[in-house]
Amino acid sequence: MAEAFRIRNKEVLLFQRSYPMRRAVDPEISKDIIEELQKHNVNLHLGESFKDVEDEDKALRIISDKDEYLVDIIILAMGVRPNVDLAKRMGVKLGVTGAIKVNERMETSVKDVYAAGDNVEAIHLVSGKPVYLPFAPAANKMGRVAGDNIAGGSSRFKGVLETTFTKIFSLHVGRTGLSAWEAEAAGFDVAAVDINHVSRSHYFPGKEQMHIRLIADRESHRILGGAITGREGVAGRVNTLAAALWGGLTVEDLTQLDLGYAPPFAPVWDGLVIAANVMKRELK
């Protein structure tokens with residue numbers, strides 16, 4: 001919405017209670033997002049919370065915990081919560097996230113009752129803990145598994161990695177697995193490295209810089225997650241990293257991953273492999 005209004009040359013104030021945009025990514029990645037927003041003259045108010053809103057003669061007055069602002073329109077992005085009213089009335093057990101608890105077959109605690117989609121929690125494949133992730137890819141897979149099992153099949157939904165993308169003006173942002181602070185909260189001994197690399201061969205026209213952040217466990221060398229920002233080539237590399245997480249690959253495995261090379265698409269040493277080699281030295 002900030003981008004849409006700025007394209008129309010409207011002044012935009014963006015408030016977020018946390019600083020620096022830490023909910024889904026580490027501060028190192030947040031920094032890239034903040035810089036892109038500032039580059040496009042979005043007026044950021046990070047670490048600032050709303051207290052009240054008042055009518056002010058054809059305008060609205062925002063009262064925050066730091067100041068007051070007059071604006072024409074307010075757009076609230078409050079997130080989502082699972083609608084579990086029906087489940088509660090049926091006696092279906094809820095999970096620790098407040099969403100419906102299911103097993104791998106999408107069965108609830110009530111016999112012959114299945115649940116799938118945005119009202120269901122899933123297991124995070126890296127942390128092993130329940131998470132609430134209301135996104136279309138997971139919801140569709142859950143629905144297929146539930147439908148197959150209702151019809152007498154034996155499908156399983158293993159879990160999620162929270163692989164997500166977003167576009168902020170011309171900056172592409174992707175992440176998968178755990179951020180460093182999420183990994184620490186899950187009890188891992190965390191190592192993190194950041195590198196900057198090019199999306200194509202350095203001599204090929206149109207190359208763009210990418211920021212790659214890789215997270216690993218110091219004890220097992222298992223890859224725990226990662227995030228990438230850039231202006232091309234982000235989605236494919238994040239999906240590759242998601243596949244590595246799904247397979248339980250270690251940092252050493254990632255250094256040997258056979259990724260494709262052609263100057264218009266990737267350099268000989270892909271950024272993921274370089275990040276893994278940097279992490280390998282970090283873990284010694």
# chains A, B, ... in the order shown; residues from 1 in each chain; ligands from 1

call {"tool": "select_by_dssp", "arguments": {"residues": "region 29-240 of chain A", "states": "strand (DSSP E or B)", "output": "ChimeraX atom specification"}}
result
/A:43-46,50-55,60-64,68-71,94,100,107,114,120,122-124,130-131,160,164-168,171-177,190-198,209-217,222-230

call {"tool": "residues_around", "arguments": {"residues": "Glu232 (chain A)", "least_positions_apart": "5", "cutoff": "10 Å", "atoms": "only C-alpha atoms", "output": "ChimeraX atom specification"}}
result
/A:170-173,198-200,206-210,265

call {"tool": "write_last_selection", "arguments": {"atoms": "N, CA and C atoms", "output": "CSV table (one decimal), in the first residue's frame"}}
result
chain,number,residue,atom,x,y,z
A,170,SER,N,11.3,-1.8,-5.9
A,170,SER,CA,12.0,-2.7,-6.8
A,170,SER,C,12.9,-3.7,-6.1
A,171,LEU,N,12.8,-3.8,-4.8
A,171,LEU,CA,13.5,-4.7,-4.0
A,171,LEU,C,12.8,-6.0,-3.7
A,172,HIS,N,13.4,-7.1,-4.1
A,172,HIS,CA,12.8,-8.4,-3.8
A,172,HIS,C,13.4,-9.0,-2.5
A,173,VAL,N,12.5,-9.5,-1.7
A,173,VAL,CA,12.9,-10.0,-0.4
A,173,VAL,C,12.3,-11.4,-0.2
A,198,VAL,N,26.8,-11.1,-6.9
A,198,VAL,CA,26.0,-10.7,-8.0
A,198,VAL,C,25.1,-11.7,-8.5
A,199,SER,N,24.0,-11.3,-9.2
A,199,SER,CA,23.0,-12.3,-9.6
A,199,SER,C,23.4,-13.0,-10.9
A,200,ARG,N,24.3,-12.3,-11.7
A,200,ARG,CA,24.8,-12.9,-13.0
A,200,ARG,C,26.3,-12.8,-12.9
A,206,GLY,N,23.4,-6.2,-16.9
A,206,GLY,CA,22.2,-6.4,-16.2
A,206,GLY,C,22.4,-7.0,-14.8
A,207,LYS,N,23.6,-7.3,-14.4
A,207,LYS,CA,23.8,-8.0,-13.1
A,207,LYS,C,23.3,-7.0,-12.0
A,208,GLU,N,22.8,-7.6,-10.9
A,208,GLU,CA,22.4,-6.9,-9.7
A,208,GLU,C,23.0,-7.5,-8.5
A,209,GLN,N,23.2,-6.6,-7.5
A,209,GLN,CA,23.8,-7.1,-6.2
A,209,GLN,C,22.7,-7.8,-5.4
A,210,MET,N,23.1,-8.8,-4.7
A,210,MET,CA,22.2,-9.5,-3.8
A,210,MET,C,22.9,-9.6,-2.4
A,265,PHE,N,22.3,-15.8,-16.1
A,265,PHE,CA,21.5,-16.3,-15.0
A,265,PHE,C,22.2,-16.4,-13.7

call {"tool": "closest_residue", "arguments": {"among": "A:Glu162, A:Asp57, A:Glu107, A:Asp217", "to": "Pro134 (chain A)", "atoms": "only C-alpha atoms"}}
result
A:Glu162

call {"tool": "residues_around", "arguments": {"residues": "region 66-72 of chain A", "least_positions_apart": "4", "cutoff": "10 Å", "atoms": "only C-alpha atoms", "output": "PDB file with C-alpha atoms, in the first residue's frame"}}
result
ATOM      1  CA  GLU A  11       2.819  11.427   1.381  1.00  0.00           C
ATOM      2  CA  VAL A  12       3.008   8.169   3.329  1.00  0.00           C
ATOM      3  CA  LEU A  13       3.683   7.607   7.030  1.00  0.00           C
ATOM      4  CA  HIS A  45       7.966   5.565  12.247  1.00  0.00           C
ATOM      5  CA  GLY A  47       9.183   1.450  17.201  1.00  0.00           C
ATOM      6  CA  GLU A  48       6.170   3.752  17.483  1.00  0.00           C
ATOM      7  CA  SER A  49       2.686   2.623  18.542  1.00  0.00           C
ATOM      8  CA  PHE A  50      -0.778   4.072  18.047  1.00  0.00           C
ATOM      9  CA  LYS A  51      -2.605   5.198  21.159  1.00  0.00           C
ATOM     10  CA  ASP A  52      -5.742   6.788  19.717  1.00  0.00           C
ATOM     11  CA  VAL A  53      -7.347   8.285  16.601  1.00  0.00           C
ATOM     12  CA  GLU A  54      -9.558  11.399  16.652  1.00  0.00           C
ATOM     13  CA  ASP A  55     -11.678  13.239  14.053  1.00  0.00           C
ATOM     14  CA  GLU A  56     -10.177  16.592  13.133  1.00  0.00           C
ATOM     15  CA  LYS A  58     -12.002  16.582   7.377  1.00  0.00           C
ATOM     16  CA  ALA A  59      -8.884  14.854   8.678  1.00  0.00           C
ATOM     17  CA  LEU A  60      -7.837  12.260  11.240  1.00  0.00           C
ATOM     18  CA  ARG A  61      -5.474  12.883  14.119  1.00  0.00           C
ATOM     19  CA  ILE A  62      -3.190   9.996  15.003  1.00  0.00           C
TER      20      ILE A  62
END

call {"tool": "residues_around", "arguments": {"residues": "Ala262 (chain A)", "least_positions_apart": "5", "cutoff": "9 Å", "atoms": "only C-alpha atoms", "output": "ChimeraX atom specification"}}
result
/A:200-201,267-268

call {"tool": "select_by_dssp", "arguments": {"residues": "region 139-279 of chain A", "states": "helix (DSSP H, G or I)", "output": "ChimeraX atom specification"}}
result
/A:139-150,180-185,234-246,251-255,271-279

call {"tool": "write_last_selection", "arguments": {"atoms": "C-alpha atoms", "output": "PDB file, in the first residue's frame"}}
result
ATOM      1  CA  ALA A 139      -3.347 -24.442   2.858  1.00  0.00           C
ATOM      2  CA  ASN A 140      -3.669 -26.081  -0.557  1.00  0.00           C
ATOM      3  CA  LYS A 141      -1.357 -28.960   0.373  1.00  0.00           C
ATOM      4  CA  MET A 142      -3.264 -29.482   3.628  1.00  0.00           C
ATOM      5  CA  GLY A 143      -6.556 -29.568   1.722  1.00  0.00           C
ATOM      6  CA  ARG A 144      -5.237 -32.179  -0.709  1.00  0.00           C
ATOM      7  CA  VAL A 145      -3.972 -34.360   2.165  1.00  0.00           C
ATOM      8  CA  ALA A 146      -7.251 -34.059   4.079  1.00  0.00           C
ATOM      9  CA  GLY A 147      -9.309 -34.846   0.980  1.00  0.00           C
ATOM     10  CA  ASP A 148      -7.203 -37.890   0.133  1.00  0.00           C
ATOM     11  CA  ASN A 149      -7.482 -39.285   3.655  1.00  0.00           C
ATOM     12  CA  ILE A 150     -11.226 -38.616   3.890  1.00  0.00           C
ATOM     13  CA  ALA A 180      18.842 -16.004  13.646  1.00  0.00           C
ATOM     14  CA  TRP A 181      16.668 -14.738  16.488  1.00  0.00           C
ATOM     15  CA  GLU A 182      14.037 -17.415  15.808  1.00  0.00           C
ATOM     16  CA  ALA A 183      16.752 -20.086  15.795  1.00  0.00           C
ATOM     17  CA  GLU A 184      18.148 -18.820  19.106  1.00  0.00           C
ATOM     18  CA  ALA A 185      14.644 -18.858  20.595  1.00  0.00           C
ATOM     19  CA  VAL A 234      16.043 -13.828  -5.312  1.00  0.00           C
ATOM     20  CA  ALA A 235      13.051 -16.183  -5.547  1.00  0.00           C
ATOM     21  CA  GLY A 236      14.902 -19.034  -7.266  1.00  0.00           C
ATOM     22  CA  ARG A 237      17.751 -18.985  -4.774  1.00  0.00           C
ATOM     23  CA  VAL A 238      15.438 -18.857  -1.762  1.00  0.00           C
ATOM     24  CA  ASN A 239      13.491 -21.814  -3.171  1.00  0.00           C
ATOM     25  CA  THR A 240      16.786 -23.680  -3.623  1.00  0.00           C
ATOM     26  CA  LEU A 241      17.624 -22.955  -0.003  1.00  0.00           C
ATOM     27  CA  ALA A 242      14.167 -24.181   1.029  1.00  0.00           C
ATOM     28  CA  ALA A 243      14.838 -27.480  -0.770  1.00  0.00           C
ATOM     29  CA  ALA A 244      18.158 -27.737   1.086  1.00  0.00           C
ATOM     30  CA  LEU A 245      16.347 -27.215   4.390  1.00  0.00           C
ATOM     31  CA  TRP A 246      13.726 -29.806   3.466  1.00  0.00           C
ATOM     32  CA  VAL A 251      26.724 -26.299   5.307  1.00  0.00           C
ATOM     33  CA  GLU A 252      29.266 -28.681   3.783  1.00  0.00           C
ATOM     34  CA  ASP A 253      26.535 -30.177   1.579  1.00  0.00           C
ATOM     35  CA  LEU A 254      25.578 -26.716   0.335  1.00  0.00           C
ATOM     36  CA  THR A 255      29.181 -25.932  -0.657  1.00  0.00           C
ATOM     37  CA  GLY A 271      26.004 -16.736  -4.082  1.00  0.00           C
ATOM     38  CA  LEU A 272      24.496 -19.617  -2.103  1.00  0.00           C
ATOM     39  CA  VAL A 273      27.672 -21.673  -2.519  1.00  0.00           C
ATOM     40  CA  ILE A 274      29.865 -18.713  -1.569  1.00  0.00           C
ATOM     41  CA  ALA A 275      27.740 -18.042   1.514  1.00  0.00           C
ATOM     42  CA  ALA A 276      28.098 -21.709   2.491  1.00  0.00           C
ATOM     43  CA  ASN A 277      31.896 -21.523   2.100  1.00  0.00           C
ATOM     44  CA  VAL A 278      32.005 -18.393   4.268  1.00  0.00           C
ATOM     45  CA  MET A 279      29.850 -20.191   6.839  1.00  0.00           C
TER      46      MET A 279
END

call {"tool": "residues_around", "arguments": {"residues": "Thr164 (chain A)", "least_positions_apart": "6", "cutoff": "8 Å", "atoms": "only C-alpha atoms", "output": "list in words"}}
result
Gly174, Arg175 and Thr176 of chain A

call {"tool": "closest_residue", "arguments": {"among": "A:Ile29, A:Gln38, A:Leu44, A:Gly260", "to": "Arg17 (chain A)", "atoms": "only C-alpha atoms"}}
result
A:Leu44

call {"tool": "residues_around", "arguments": {"residues": "region 166-169 of chain A", "least_positions_apart": "5", "cutoff": "10 Å", "atoms": "only C-alpha atoms", "output": "list in words"}}
result
Met1, Ala2, Glu3, Ala4, Arg6, Ile7, Ile33, Ile34, Glu36, Leu37, Lys39, His40, Gly174, Arg175, Thr229, Gly230, Arg231 and Ala235 of chain A

call {"tool": "write_last_selection", "arguments": {"atoms": "C-alpha atoms", "output": "PDB file, in the first residue's frame"}}
result
ATOM      1  CA  MET A   1       0.000   0.000   0.000  1.00  0.00           C
ATOM      2  CA  ALA A   2       2.896   2.352   0.739  1.00  0.00           C
ATOM      3  CA  GLU A   3       4.221   1.719  -2.767  1.00  0.00           C
ATOM      4  CA  ALA A   4       0.810   2.247  -4.383  1.00  0.00           C
ATOM      5  CA  ARG A   6       3.898   6.783  -3.364  1.00  0.00           C
ATOM      6  CA  ILE A   7       3.448   5.995  -7.073  1.00  0.00           C
ATOM      7  CA  ILE A  33      13.995  -2.965   3.510  1.00  0.00           C
ATOM      8  CA  ILE A  34      14.291   0.276   5.465  1.00  0.00           C
ATOM      9  CA  GLU A  36      14.433   0.900   0.038  1.00  0.00           C
ATOM     10  CA  LEU A  37      11.456   2.538   1.747  1.00  0.00           C
ATOM     11  CA  LYS A  39      14.829   5.771  -0.980  1.00  0.00           C
ATOM     12  CA  HIS A  40      11.214   6.165  -2.110  1.00  0.00           C
ATOM     13  CA  GLY A 174      12.732 -13.722   0.354  1.00  0.00           C
ATOM     14  CA  ARG A 175      13.246 -15.876   3.410  1.00  0.00           C
ATOM     15  CA  THR A 229      17.390  -9.346  -0.888  1.00  0.00           C
ATOM     16  CA  GLY A 230      18.088  -8.053  -4.371  1.00  0.00           C
ATOM     17  CA  ARG A 231      16.501  -6.916  -7.618  1.00  0.00           C
ATOM     18  CA  ALA A 235      13.051 -16.183  -5.547  1.00  0.00           C
TER      19      ALA A 235
END

call {"tool": "closest_atom_pairs", "arguments": {"of": "region 160-249 of chain A", "to": "region 109-133 of chain A", "cutoff": "7 Å", "atoms": "only C-alpha atoms", "output": "CSV"}}
result
residue,atom,partner,partner_atom,distance
A:Val160,CA,A:His124,CA,5.1
A:Leu161,CA,A:His124,CA,5.8
A:Gly177,CA,A:Val126,CA,6.4
A:Ala186,CA,A:Ser127,CA,6.1
A:Leu224,CA,A:Val126,CA,6.3

call {"tool": "closest_residue", "arguments": {"among": "A:Asp26, A:Asp65, A:Glu104, A:Glu282", "to": "Ala227 (chain A)", "atoms": "only C-alpha atoms"}}
result
A:Asp26

call {"tool": "residues_around", "arguments": {"residues": "Arg218 (chain A)", "least_positions_apart": "4", "cutoff": "6 Å", "atoms": "only C-alpha atoms", "output": "list in words"}}
result
Asp189, Val190 and Ala191 of chain A

call {"tool": "write_last_selection", "arguments": {"atoms": "N, CA and C atoms", "output": "PDB file, in the first residue's frame"}}
result
ATOM      1  N   ASP A 189      22.412 -23.369  18.746  1.00  0.00           N
ATOM      2  CA  ASP A 189      23.636 -22.577  18.868  1.00  0.00           C
ATOM      3  C   ASP A 189      23.895 -21.978  17.490  1.00  0.00           C
ATOM      4  N   VAL A 190      23.554 -20.719  17.313  1.00  0.00           N
ATOM      5  CA  VAL A 190      23.395 -20.130  15.991  1.00  0.00           C
ATOM      6  C   VAL A 190      24.676 -19.493  15.470  1.00  0.00           C
ATOM      7  N   ALA A 191      24.950 -19.741  14.198  1.00  0.00           N
ATOM      8  CA  ALA A 191      25.973 -19.011  13.448  1.00  0.00           C
ATOM      9  C   ALA A 191      25.280 -18.339  12.274  1.00  0.00           C
TER      10      ALA A 191
END

call {"tool": "atom_distance", "arguments": {"atom1": "CA of Ala24 (chain A)", "atom2": "CA of Leu178 (chain A)"}}
result
8.7 Å
